[in-house]
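Okay, final.pdb now, which holds PDB, C-alpha atoms, pLDDT in the B column:
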MODEL        1
ATOM      1  CA  MET A  23       9.596 131.471 107.473  1.00 38.00           C
ATOM      2  CA  SER A  24      12.930 132.677 108.812  1.00 39.00           C
ATOM      3  CA  ALA A  25      15.347 133.978 106.226  1.00 44.00           C
ATOM      4  CA  SER A  26      18.230 133.121 108.548  1.00 50.00           C
ATOM      5  CA  ALA A  27      17.380 129.408 108.773  1.00 75.00           C
ATOM      6  CA  SER A  28      17.639 127.148 105.780  1.00 91.00           C
ATOM      7  CA  VAL A  29      15.170 124.491 104.761  1.00 94.00           C
ATOM      8  CA  ILE A  30      16.502 121.047 105.684  1.00 95.00           C
ATOM      9  CA  ALA A  31      14.802 118.301 103.700  1.00 96.00           C
ATOM     10  CA  ARG A  32      17.635 115.903 102.981  1.00 97.00           C
ATOM     11  CA  ILE A  33      20.985 115.090 104.584  1.00 97.00           C
ATOM     12  CA  ALA A  34      23.484 112.877 102.790  1.00 98.00           C
ATOM     13  CA  GLY A  35      26.949 111.810 103.829  1.00 98.00           C
ATOM     14  CA  ARG A  36      29.069 109.054 105.260  1.00 98.00           C
ATOM     15  CA  GLY A  37      28.169 107.513 108.595  1.00 98.00           C
ATOM     16  CA  ILE A  38      29.944 106.987 111.894  1.00 98.00           C
ATOM     17  CA  PRO A  39      28.567 104.429 114.370  1.00 98.00           C
ATOM     18  CA  VAL A  40      28.913 104.970 118.124  1.00 98.00           C
ATOM     19  CA  ARG A  41      27.607 101.863 119.834  1.00 98.00           C
ATOM     20  CA  GLY A  42      25.993 101.684 123.270  1.00 97.00           C
ATOM     21  CA  ASN A  43      22.743 102.568 125.007  1.00 98.00           C
ATOM     22  CA  ASP A  44      22.278 105.502 127.400  1.00 98.00           C
ATOM     23  CA  ILE A  45      25.208 107.575 126.146  1.00 98.00           C
ATOM     24  CA  ASP A  46      24.680 110.713 128.178  1.00 97.00           C
ATOM     25  CA  THR A  47      25.616 114.323 127.615  1.00 96.00           C
ATOM     26  CA  ASP A  48      28.519 114.040 130.105  1.00 95.00           C
ATOM     27  CA  ARG A  49      30.104 111.518 127.769  1.00 96.00           C
ATOM     28  CA  ILE A  50      29.304 113.529 124.634  1.00 97.00           C
ATOM     29  CA  ILE A  51      30.999 116.627 126.084  1.00 95.00           C
ATOM     30  CA  PRO A  52      32.658 116.557 129.534  1.00 93.00           C
ATOM     31  CA  ALA A  53      31.314 118.994 132.130  1.00 91.00           C
ATOM     32  CA  ARG A  54      34.567 120.978 132.292  1.00 91.00           C
ATOM     33  CA  TYR A  55      33.732 122.449 128.880  1.00 89.00           C
ATOM     34  CA  LEU A  56      30.458 123.953 130.107  1.00 84.00           C
ATOM     35  CA  ARG A  57      32.453 126.956 131.355  1.00 82.00           C
ATOM     36  CA  SER A  58      33.086 127.996 127.774  1.00 74.00           C
ATOM     37  CA  ILE A  59      31.211 131.211 126.962  1.00 75.00           C
ATOM     38  CA  THR A  60      30.946 130.313 123.284  1.00 83.00           C
ATOM     39  CA  PHE A  61      30.541 126.992 121.492  1.00 90.00           C
ATOM     40  CA  GLU A  62      33.518 127.643 119.202  1.00 88.00           C
ATOM     41  CA  GLY A  63      36.027 124.815 119.162  1.00 90.00           C
ATOM     42  CA  LEU A  64      33.827 122.375 121.111  1.00 92.00           C
ATOM     43  CA  GLY A  65      33.941 119.845 118.284  1.00 95.00           C
ATOM     44  CA  ALA A  66      37.514 118.905 119.166  1.00 95.00           C
ATOM     45  CA  TYR A  67      36.336 117.754 122.600  1.00 95.00           C
ATOM     46  CA  ALA A  68      33.366 115.595 121.562  1.00 97.00           C
ATOM     47  CA  PHE A  69      33.583 112.291 123.485  1.00 97.00           C
ATOM     48  CA  GLU A  70      36.964 113.439 124.826  1.00 96.00           C
ATOM     49  CA  ASP A  71      37.047 111.241 127.942  1.00 96.00           C
ATOM     50  CA  ASP A  72      35.813 108.162 126.059  1.00 96.00           C
ATOM     51  CA  ARG A  73      38.457 108.801 123.406  1.00 96.00           C
ATOM     52  CA  LYS A  74      41.213 109.012 126.032  1.00 94.00           C
ATOM     53  CA  SER A  75      40.200 105.781 127.761  1.00 90.00           C
ATOM     54  CA  SER A  76      39.704 103.515 124.746  1.00 89.00           C
ATOM     55  CA  ALA A  77      39.597 103.300 120.961  1.00 94.00           C
ATOM     56  CA  HIS A  78      36.703 105.419 119.727  1.00 97.00           C
ATOM     57  CA  PRO A  79      35.001 105.843 116.339  1.00 97.00           C
ATOM     58  CA  PHE A  80      35.707 109.606 116.425  1.00 97.00           C
ATOM     59  CA  ASP A  81      39.421 108.735 116.192  1.00 97.00           C
ATOM     60  CA  ASP A  82      39.018 105.838 113.760  1.00 97.00           C
ATOM     61  CA  PRO A  83      40.779 106.532 110.416  1.00 96.00           C
ATOM     62  CA  ARG A  84      37.870 104.869 108.588  1.00 96.00           C
ATOM     63  CA  PHE A  85      35.475 107.707 109.474  1.00 97.00           C
ATOM     64  CA  PRO A  86      37.089 111.106 108.772  1.00 93.00           C
ATOM     65  CA  GLY A  87      34.582 113.598 107.452  1.00 95.00           C
ATOM     66  CA  ALA A  88      31.578 111.453 108.417  1.00 98.00           C
ATOM     67  CA  SER A  89      28.481 113.586 108.898  1.00 98.00           C
ATOM     68  CA  ILE A  90      25.746 111.159 109.983  1.00 98.00           C
ATOM     69  CA  LEU A  91      26.039 109.765 113.500  1.00 98.00           C
ATOM     70  CA  ILE A  92      24.463 106.350 114.139  1.00 98.00           C
ATOM     71  CA  VAL A  93      23.588 105.531 117.762  1.00 98.00           C
ATOM     72  CA  ASN A  94      21.577 103.120 119.876  1.00 98.00           C
ATOM     73  CA  ALA A  95      18.874 103.788 122.505  1.00 98.00           C
ATOM     74  CA  ASN A  96      18.343 106.827 124.765  1.00 98.00           C
ATOM     75  CA  PHE A  97      21.155 108.817 123.204  1.00 98.00           C
ATOM     76  CA  GLY A  98      21.785 112.228 124.800  1.00 97.00           C
ATOM     77  CA  CYS A  99      20.255 111.383 128.181  1.00 97.00           C
ATOM     78  CA  GLY A 100      21.430 113.005 131.421  1.00 93.00           C
ATOM     79  CA  SER A 101      21.819 116.741 131.913  1.00 88.00           C
ATOM     80  CA  SER A 102      20.172 119.084 129.445  1.00 83.00           C
ATOM     81  CA  ARG A 103      23.309 120.796 128.178  1.00 86.00           C
ATOM     82  CA  GLU A 104      23.107 122.371 124.754  1.00 91.00           C
ATOM     83  CA  HIS A 105      26.877 121.886 124.550  1.00 94.00           C
ATOM     84  CA  ALA A 106      26.377 118.194 123.652  1.00 96.00           C
ATOM     85  CA  PRO A 107      24.671 118.649 120.273  1.00 97.00           C
ATOM     86  CA  GLN A 108      26.803 121.763 119.692  1.00 96.00           C
ATOM     87  CA  ALA A 109      29.979 119.677 120.096  1.00 97.00           C
ATOM     88  CA  LEU A 110      28.681 117.035 117.698  1.00 98.00           C
ATOM     89  CA  MET A 111      27.630 119.628 115.115  1.00 97.00           C
ATOM     90  CA  ARG A 112      30.989 121.388 115.366  1.00 97.00           C
ATOM     91  CA  TRP A 113      32.783 118.043 114.933  1.00 97.00           C
ATOM     92  CA  GLY A 114      30.897 117.747 111.627  1.00 98.00           C
ATOM     93  CA  ILE A 115      27.704 115.856 112.425  1.00 98.00           C
ATOM     94  CA  GLN A 116      24.748 117.049 110.327  1.00 98.00           C
ATOM     95  CA  GLY A 117      22.206 114.362 111.219  1.00 98.00           C
ATOM     96  CA  VAL A 118      21.724 111.592 113.788  1.00 98.00           C
ATOM     97  CA  VAL A 119      20.055 108.202 113.354  1.00 98.00           C
ATOM     98  CA  GLY A 120      19.257 106.212 116.477  1.00 98.00           C
ATOM     99  CA  GLU A 121      16.908 103.850 118.250  1.00 98.00           C
ATOM    100  CA  SER A 122      15.719 106.663 120.549  1.00 98.00           C
ATOM    101  CA  PHE A 123      16.811 110.052 121.893  1.00 98.00           C
ATOM    102  CA  ALA A 124      16.472 111.903 125.168  1.00 97.00           C
ATOM    103  CA  GLU A 125      13.788 114.543 124.661  1.00 95.00           C
ATOM    104  CA  ILE A 126      15.881 117.602 125.562  1.00 95.00           C
ATOM    105  CA  PHE A 127      18.797 116.462 123.394  1.00 97.00           C
ATOM    106  CA  LEU A 128      16.352 115.983 120.521  1.00 96.00           C
ATOM    107  CA  GLY A 129      14.954 119.496 120.986  1.00 95.00           C
ATOM    108  CA  ASN A 130      18.390 121.108 121.255  1.00 95.00           C
ATOM    109  CA  ALA A 131      19.633 119.311 118.142  1.00 97.00           C
ATOM    110  CA  THR A 132      16.540 120.335 116.153  1.00 95.00           C
ATOM    111  CA  ALA A 133      17.005 123.954 117.268  1.00 94.00           C
ATOM    112  CA  MET A 134      20.446 123.820 115.620  1.00 94.00           C
ATOM    113  CA  GLY A 135      19.170 122.290 112.400  1.00 95.00           C
ATOM    114  CA  VAL A 136      20.514 118.805 113.139  1.00 97.00           C
ATOM    115  CA  PRO A 137      17.729 116.284 112.438  1.00 98.00           C
ATOM    116  CA  CYS A 138      17.462 113.236 114.703  1.00 98.00           C
ATOM    117  CA  VAL A 139      15.498 110.327 113.253  1.00 98.00           C
ATOM    118  CA  THR A 140      14.730 106.931 114.749  1.00 98.00           C
ATOM    119  CA  LEU A 141      15.001 103.521 113.168  1.00 97.00           C
ATOM    120  CA  LYS A 142      14.095 100.076 114.468  1.00 97.00           C
ATOM    121  CA  ARG A 143      16.760  98.313 116.532  1.00 97.00           C
ATOM    122  CA  ALA A 144      17.411  95.593 113.943  1.00 98.00           C
ATOM    123  CA  ASP A 145      17.819  98.224 111.226  1.00 98.00           C
ATOM    124  CA  ILE A 146      20.207 100.256 113.399  1.00 98.00           C
ATOM    125  CA  GLN A 147      22.300  97.129 113.920  1.00 98.00           C
ATOM    126  CA  ALA A 148      22.318  96.414 110.182  1.00 98.00           C
ATOM    127  CA  LEU A 149      23.248 100.025 109.393  1.00 98.00           C
ATOM    128  CA  MET A 150      26.087 100.072 111.934  1.00 98.00           C
ATOM    129  CA  ASP A 151      27.450  96.795 110.569  1.00 98.00           C
ATOM    130  CA  ALA A 152      27.192  98.039 106.985  1.00 98.00           C
ATOM    131  CA  VAL A 153      29.005 101.300 107.775  1.00 98.00           C
ATOM    132  CA  GLU A 154      31.777  99.509 109.665  1.00 97.00           C
ATOM    133  CA  GLN A 155      32.273  97.148 106.724  1.00 97.00           C
ATOM    134  CA  HIS A 156      32.002  99.845 104.022  1.00 97.00           C
ATOM    135  CA  PRO A 157      32.653 103.258 105.616  1.00 97.00           C
ATOM    136  CA  SER A 158      32.742 105.142 102.314  1.00 96.00           C
ATOM    137  CA  GLN A 159      29.111 104.416 101.392  1.00 97.00           C
ATOM    138  CA  GLU A 160      26.629 107.270 101.428  1.00 98.00           C
ATOM    139  CA  ILE A 161      23.680 107.410 103.819  1.00 98.00           C
ATOM    140  CA  THR A 162      20.707 109.634 103.029  1.00 98.00           C
ATOM    141  CA  ILE A 163      18.132 110.940 105.488  1.00 98.00           C
ATOM    142  CA  ASP A 164      15.081 112.158 103.571  1.00 98.00           C
ATOM    143  CA  LEU A 165      12.771 114.151 105.838  1.00 98.00           C
ATOM    144  CA  ALA A 166      10.199 114.763 103.122  1.00 96.00           C
ATOM    145  CA  ASP A 167       9.354 111.075 102.697  1.00 96.00           C
ATOM    146  CA  LYS A 168      10.657 109.984 106.150  1.00 98.00           C
ATOM    147  CA  THR A 169      13.148 107.419 104.884  1.00 98.00           C
ATOM    148  CA  LEU A 170      16.769 106.492 105.365  1.00 98.00           C
ATOM    149  CA  SER A 171      18.773 104.891 102.560  1.00 98.00           C
ATOM    150  CA  TRP A 172      22.151 103.179 102.362  1.00 97.00           C
ATOM    151  CA  GLY A 173      23.719 100.596 100.073  1.00 94.00           C
ATOM    152  CA  GLY A 174      20.536  99.864  98.145  1.00 95.00           C
ATOM    153  CA  VAL A 175      18.496  99.558 101.377  1.00 97.00           C
ATOM    154  CA  LYS A 176      15.653 101.952 102.163  1.00 98.00           C
ATOM    155  CA  ARG A 177      13.885 102.022 105.529  1.00 98.00           C
ATOM    156  CA  PRO A 178      11.163 104.220 107.071  1.00 98.00           C
ATOM    157  CA  VAL A 179      12.261 106.480 109.922  1.00 98.00           C
ATOM    158  CA  ASP A 180      10.334 108.310 112.612  1.00 98.00           C
ATOM    159  CA  ILE A 181      10.743 111.915 113.693  1.00 97.00           C
ATOM    160  CA  PRO A 182       8.333 114.032 115.755  1.00 96.00           C
ATOM    161  CA  GLU A 183       6.112 115.775 113.229  1.00 96.00           C
ATOM    162  CA  GLY A 184       6.636 119.214 114.772  1.00 93.00           C
ATOM    163  CA  ASN A 185      10.413 118.831 114.451  1.00 95.00           C
ATOM    164  CA  ARG A 186      10.097 117.582 110.886  1.00 96.00           C
ATOM    165  CA  VAL A 187       7.902 120.530 109.877  1.00 95.00           C
ATOM    166  CA  GLN A 188      10.308 123.022 111.499  1.00 94.00           C
ATOM    167  CA  LEU A 189      13.195 121.593 109.483  1.00 95.00           C
ATOM    168  CA  LEU A 190      11.251 121.354 106.226  1.00 95.00           C
ATOM    169  CA  GLU A 191       9.939 124.922 106.561  1.00 93.00           C
ATOM    170  CA  GLY A 192      13.220 126.439 107.757  1.00 89.00           C
ATOM    171  CA  ALA A 193      11.564 127.427 111.045  1.00 85.00           C
ATOM    172  CA  TRP A 194      14.002 125.593 113.338  1.00 80.00           C
ATOM    173  CA  ASP A 195      16.094 128.668 114.227  1.00 66.00           C
ATOM    174  CA  ALA A 196      13.880 130.326 116.855  1.00 66.00           C
ATOM    175  CA  THR A 197      16.566 132.876 117.776  1.00 64.00           C
ATOM    176  CA  GLY A 198      16.975 133.914 114.153  1.00 61.00           C
ATOM    177  CA  MET A 199      13.226 134.285 113.755  1.00 57.00           C
ATOM    178  CA  LEU A 200      13.048 136.411 116.915  1.00 57.00           C
ATOM    179  CA  LEU A 201      15.855 138.657 115.696  1.00 65.00           C
ATOM    180  CA  GLU A 202      14.100 139.111 112.348  1.00 66.00           C
ATOM    181  CA  GLY A 203      11.120 140.463 114.267  1.00 69.00           C
ATOM    182  CA  GLU A 204      13.191 142.828 116.406  1.00 76.00           C
ATOM    183  CA  ASP A 205      11.240 145.936 115.364  1.00 79.00           C
ATOM    184  CA  ALA A 206       7.920 144.293 116.189  1.00 77.00           C
ATOM    185  CA  VAL A 207       9.273 143.082 119.543  1.00 78.00           C
ATOM    186  CA  ARG A 208      10.459 146.575 120.455  1.00 81.00           C
ATOM    187  CA  LYS A 209       7.095 148.044 119.436  1.00 84.00           C
ATOM    188  CA  VAL A 210       5.204 145.656 121.711  1.00 83.00           C
ATOM    189  CA  ALA A 211       7.712 146.172 124.540  1.00 80.00           C
ATOM    190  CA  ARG A 212       7.119 149.969 124.453  1.00 83.00           C
ATOM    191  CA  ARG A 213       3.422 149.332 125.152  1.00 85.00           C
ATOM    192  CA  LEU A 214       4.008 147.138 128.202  1.00 83.00           C
ATOM    193  CA  PRO A 215       4.038 149.000 131.526  1.00 83.00           C
ATOM    194  CA  TYR A 216       6.160 146.351 133.245  1.00 81.00           C
ATOM    195  CA  VAL A 217       8.856 146.902 130.601  1.00 71.00           C
ATOM    196  CA  THR A 218       8.759 150.691 130.330  1.00 67.00           C
ATOM    197  CA  GLY A 219       8.034 151.330 134.011  1.00 65.00           C
ATOM    198  CA  PHE A 220       4.945 153.500 133.437  1.00 57.00           C
TER     199      PHE A 220
ENDMDL
END
For the structure just supplied, provide its representation as structure tokens.
Amino acid sequence: MSASASVIARIAGRGIPVRGNDIDTDRIIPARYLRSITFEGLGAYAFEDDRKSSAHPFDDPRFPGASILIVNANFGCGSSREHAPQALMRWGIQGVVGESFAEIFLGNATAMGVPCVTLKRADIQALMDAVEQHPSQEITIDLADKTLSWGGVKRPVDIPEGNRVQLLEGAWDATGMLLEGEDAVRKVARRLPYVTGF
């Protein structure tokens, strides 16, 4: 297990609903921000174009400090930019609950320690309604027992088992794990003729 990645078994916080199917990565973070050489400050630009064109939950005074994003189907589709989950995480999102996720978005979010769990459509609708009516209530994602709880309601969630195990074991930070094994990597590299040249 990586010492640099923490075990993530439970996320609790207030929710923020962003309604709509097929919200793609271009909407999550506009393409002009892909030129950034670091991810620092990207949170300020999450959903920037949507926020300029209409009222948006990320600007709604009911949801400051919310850490659990609630979405509909096929969230994070489109181009495979890592900037999208990075922007959400840097805005303050620690977990995402949705009907379904684009596969690459799901993988990128997991690699940052942001669990994405799915819930049935009717339950997503009920959760969004409940959060809009009572934004201060706490939502809990429990990866150990694969449940989501809010306002006295508890529902089963789905998450790919490999992703769940990575989060529960603290093995989600592949870069951190690689860096921890730097000495072993260098040792192997010295034995490889296509690396050393002889």
For Val119 of chain A, which residue out of A:Thr47, A:Asn94, A:Ser102, A:Thr132 is the nearest one, using all atoms listed in the file?
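Closest to Val119 of chain A of all the choices is A:Asn94.
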Spell out the residues picked by the PyMOL selection byres ((chain A and resi 69) around 8) here, as a PDB file with C-alpha atoms, in the coordinates of the input.
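So expr16.pdb came out as:
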ATOM      1  CA  ARG A  49      30.104 111.518 127.769  1.00 96.00           C
ATOM      2  CA  ILE A  50      29.304 113.529 124.634  1.00 97.00           C
ATOM      3  CA  ILE A  51      30.999 116.627 126.084  1.00 95.00           C
ATOM      4  CA  PRO A  52      32.658 116.557 129.534  1.00 93.00           C
ATOM      5  CA  TYR A  67      36.336 117.754 122.600  1.00 95.00           C
ATOM      6  CA  ALA A  68      33.366 115.595 121.562  1.00 97.00           C
ATOM      7  CA  GLU A  70      36.964 113.439 124.826  1.00 96.00           C
ATOM      8  CA  ASP A  71      37.047 111.241 127.942  1.00 96.00           C
ATOM      9  CA  ASP A  72      35.813 108.162 126.059  1.00 96.00           C
ATOM     10  CA  ARG A  73      38.457 108.801 123.406  1.00 96.00           C
ATOM     11  CA  PHE A  80      35.707 109.606 116.425  1.00 97.00           C
TER      12      PHE A  80
END
Running the PyMOL selection byres ((chain A and resi 138) around 8) on this model by hand, what would come out? Give it as a CSV table (one decimal) with C-alpha atoms, in the frame of the given file.
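Below is the file that was written, selection07.csv:
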chain,number,residue,atom,x,y,z
A,117,GLY,CA,22.2,114.4,111.2
A,118,VAL,CA,21.7,111.6,113.8
A,119,VAL,CA,20.1,108.2,113.4
A,120,GLY,CA,19.3,106.2,116.5
A,123,PHE,CA,16.8,110.1,121.9
A,128,LEU,CA,16.4,116.0,120.5
A,131,ALA,CA,19.6,119.3,118.1
A,132,THR,CA,16.5,120.3,116.2
A,136,VAL,CA,20.5,118.8,113.1
A,137,PRO,CA,17.7,116.3,112.4
A,139,VAL,CA,15.5,110.3,113.3
A,140,THR,CA,14.7,106.9,114.7
A,181,ILE,CA,10.7,111.9,113.7
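Distance annotation: of A:Gln155, A:Gln108, A:Ser28, A:Ser101, the residue with the minimal separation from Gly65 of chain A is A:Gln108; atom set is all atoms listed in the file.
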Kindly provide the residues of segment 55-159 of chain A that approach segment 33-40 of chain A to within 10 Å, each paired with its closest atom pair and their distance in Å to one decimal, based on only C-alpha atoms, listed by chain and increasing number, as a tab-separated table.
residue	atom	partner	partner_atom	distance
A:His78	CA	A:Val40	CA	8.0
A:Pro79	CA	A:Val40	CA	6.4
A:Phe80	CA	A:Ile38	CA	7.8
A:Asp82	CA	A:Ile38	CA	9.3
A:Arg84	CA	A:Ile38	CA	8.8
A:Phe85	CA	A:Ile38	CA	6.1
A:Pro86	CA	A:Ile38	CA	8.8
A:Gly87	CA	A:Arg36	CA	7.5
A:Ala88	CA	A:Arg36	CA	4.7
A:Ser89	CA	A:Gly35	CA	5.6
A:Ile90	CA	A:Gly37	CA	4.6
A:Leu91	CA	A:Ile38	CA	5.1
A:Ile92	CA	A:Pro39	CA	4.5
A:Val93	CA	A:Val40	CA	5.4
A:Asn94	CA	A:Val40	CA	7.8
A:Ile115	CA	A:Ile38	CA	9.2
A:Gln116	CA	A:Ile33	CA	7.1
A:Gly117	CA	A:Ile33	CA	6.8
A:Val118	CA	A:Gly37	CA	9.2
A:Val119	CA	A:Pro39	CA	9.4
A:Gly120	CA	A:Pro39	CA	9.7
A:Val136	CA	A:Ile33	CA	9.3
A:Pro137	CA	A:Ile33	CA	8.6
A:Ile146	CA	A:Pro39	CA	9.4
A:Gln147	CA	A:Pro39	CA	9.6
A:Leu149	CA	A:Pro39	CA	8.5
A:Met150	CA	A:Pro39	CA	5.6
A:Asp151	CA	A:Pro39	CA	8.6
A:Ala152	CA	A:Gly37	CA	9.7
A:Val153	CA	A:Gly37	CA	6.3
A:Glu154	CA	A:Pro39	CA	7.5
A:His156	CA	A:Gly37	CA	9.7
A:Pro157	CA	A:Arg36	CA	6.8
A:Ser158	CA	A:Arg36	CA	6.1
A:Gln159	CA	A:Arg36	CA	6.0
To one decimal in Å, tell me the separation between atom CA of Ala109 of chain A and atom CA of Trp172 of chain A.
25.5 Å
Selected residue, from A:Val179, A:Leu170, A:Leu64, A:Ile126, that lies nearest to Trp113 of chain A when counting all atoms listed in the file
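Residue with the minimum atom-to-atom distance to Trp113 of chain A: A:Leu64.
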Atom CA of Gly98 of chain A to atom CA of Tyr55 of chain A, straight-line distance in Å
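These two atoms are separated by 16.2 Å.
Proximity of A:Arg41, A:Arg186, A:Arg57, A:Lys74 to Phe97 of chain A, computed with all atoms listed in the file, is greatest for A:Arg41.
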Using only the atoms of segment 214-217 of chain A listed in the file, plus 3 Å on each side, state the axis-aligned box centre and edge lengths in Å rounded to one decimal, as JSON.
{"center_x": 6.4, "center_y": 147.7, "center_z": 130.7, "size_x": 10.8, "size_y": 8.6, "size_z": 11.0}
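Counting from atom CA of Asp44 of chain A, the distance to atom CA of Glu183 of chain A is 23.8 Å.
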For Gly114 of chain A, which of A:Ala66, A:Leu141, A:Leu189, A:Ile161 is the closest residue, counting only C-alpha atoms?
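Selected residue with least distance to Gly114 of chain A: A:Ala66.
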Taking into account all atoms listed in the file, which residue in the set A:Ile30, A:Met134, A:Ala206, A:Val217 is nearest to His105 of chain A?
A:Met134
Final N, CA and C atoms of segment 70-86 of chain A as a short mmCIF file (atom, residue, chain, number, x, y, z; two decimals), in the coordinates of the input:
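The new file selection_9.cif reads:
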data_model
loop_
_atom_site.label_atom_id
_atom_site.label_comp_id
_atom_site.auth_asym_id
_atom_site.auth_seq_id
_atom_site.Cartn_x
_atom_site.Cartn_y
_atom_site.Cartn_z
N GLU A 70 35.54 113.37 124.47
CA GLU A 70 36.96 113.44 124.83
C GLU A 70 37.38 112.37 125.84
N ASP A 71 36.63 112.20 126.92
CA ASP A 71 37.05 111.24 127.94
C ASP A 71 36.96 109.81 127.43
N ASP A 72 35.92 109.49 126.66
CA ASP A 72 35.81 108.16 126.06
C ASP A 72 36.99 107.92 125.11
N ARG A 73 37.38 108.94 124.38
CA ARG A 73 38.46 108.80 123.41
C ARG A 73 39.81 108.60 124.09
N LYS A 74 39.96 109.17 125.29
CA LYS A 74 41.21 109.01 126.03
C LYS A 74 41.33 107.62 126.64
N SER A 75 40.17 107.04 127.02
CA SER A 75 40.20 105.78 127.76
C SER A 75 40.19 104.54 126.87
N SER A 76 39.75 104.68 125.63
CA SER A 76 39.70 103.52 124.75
C SER A 76 39.62 103.96 123.29
N ALA A 77 39.76 102.99 122.39
CA ALA A 77 39.60 103.30 120.96
C ALA A 77 38.18 103.79 120.73
N HIS A 78 38.02 104.81 119.93
CA HIS A 78 36.70 105.42 119.73
C HIS A 78 36.50 105.71 118.24
N PRO A 79 35.27 105.56 117.76
CA PRO A 79 35.00 105.84 116.34
C PRO A 79 35.41 107.25 115.90
N PHE A 80 35.34 108.25 116.81
CA PHE A 80 35.71 109.61 116.42
C PHE A 80 37.20 109.75 116.14
N ASP A 81 37.99 108.74 116.51
CA ASP A 81 39.42 108.74 116.19
C ASP A 81 39.77 107.68 115.14
N ASP A 82 38.78 106.94 114.69
CA ASP A 82 39.02 105.84 113.76
C ASP A 82 39.30 106.39 112.36
N PRO A 83 40.42 106.01 111.75
CA PRO A 83 40.78 106.53 110.42
C PRO A 83 39.81 106.14 109.31
N ARG A 84 38.87 105.22 109.59
CA ARG A 84 37.87 104.87 108.59
C ARG A 84 36.79 105.93 108.45
N PHE A 85 36.64 106.82 109.45
CA PHE A 85 35.48 107.71 109.47
C PHE A 85 35.77 109.21 109.40
N PRO A 86 36.88 109.66 108.83
CA PRO A 86 37.09 111.11 108.77
C PRO A 86 36.06 111.75 107.85
#
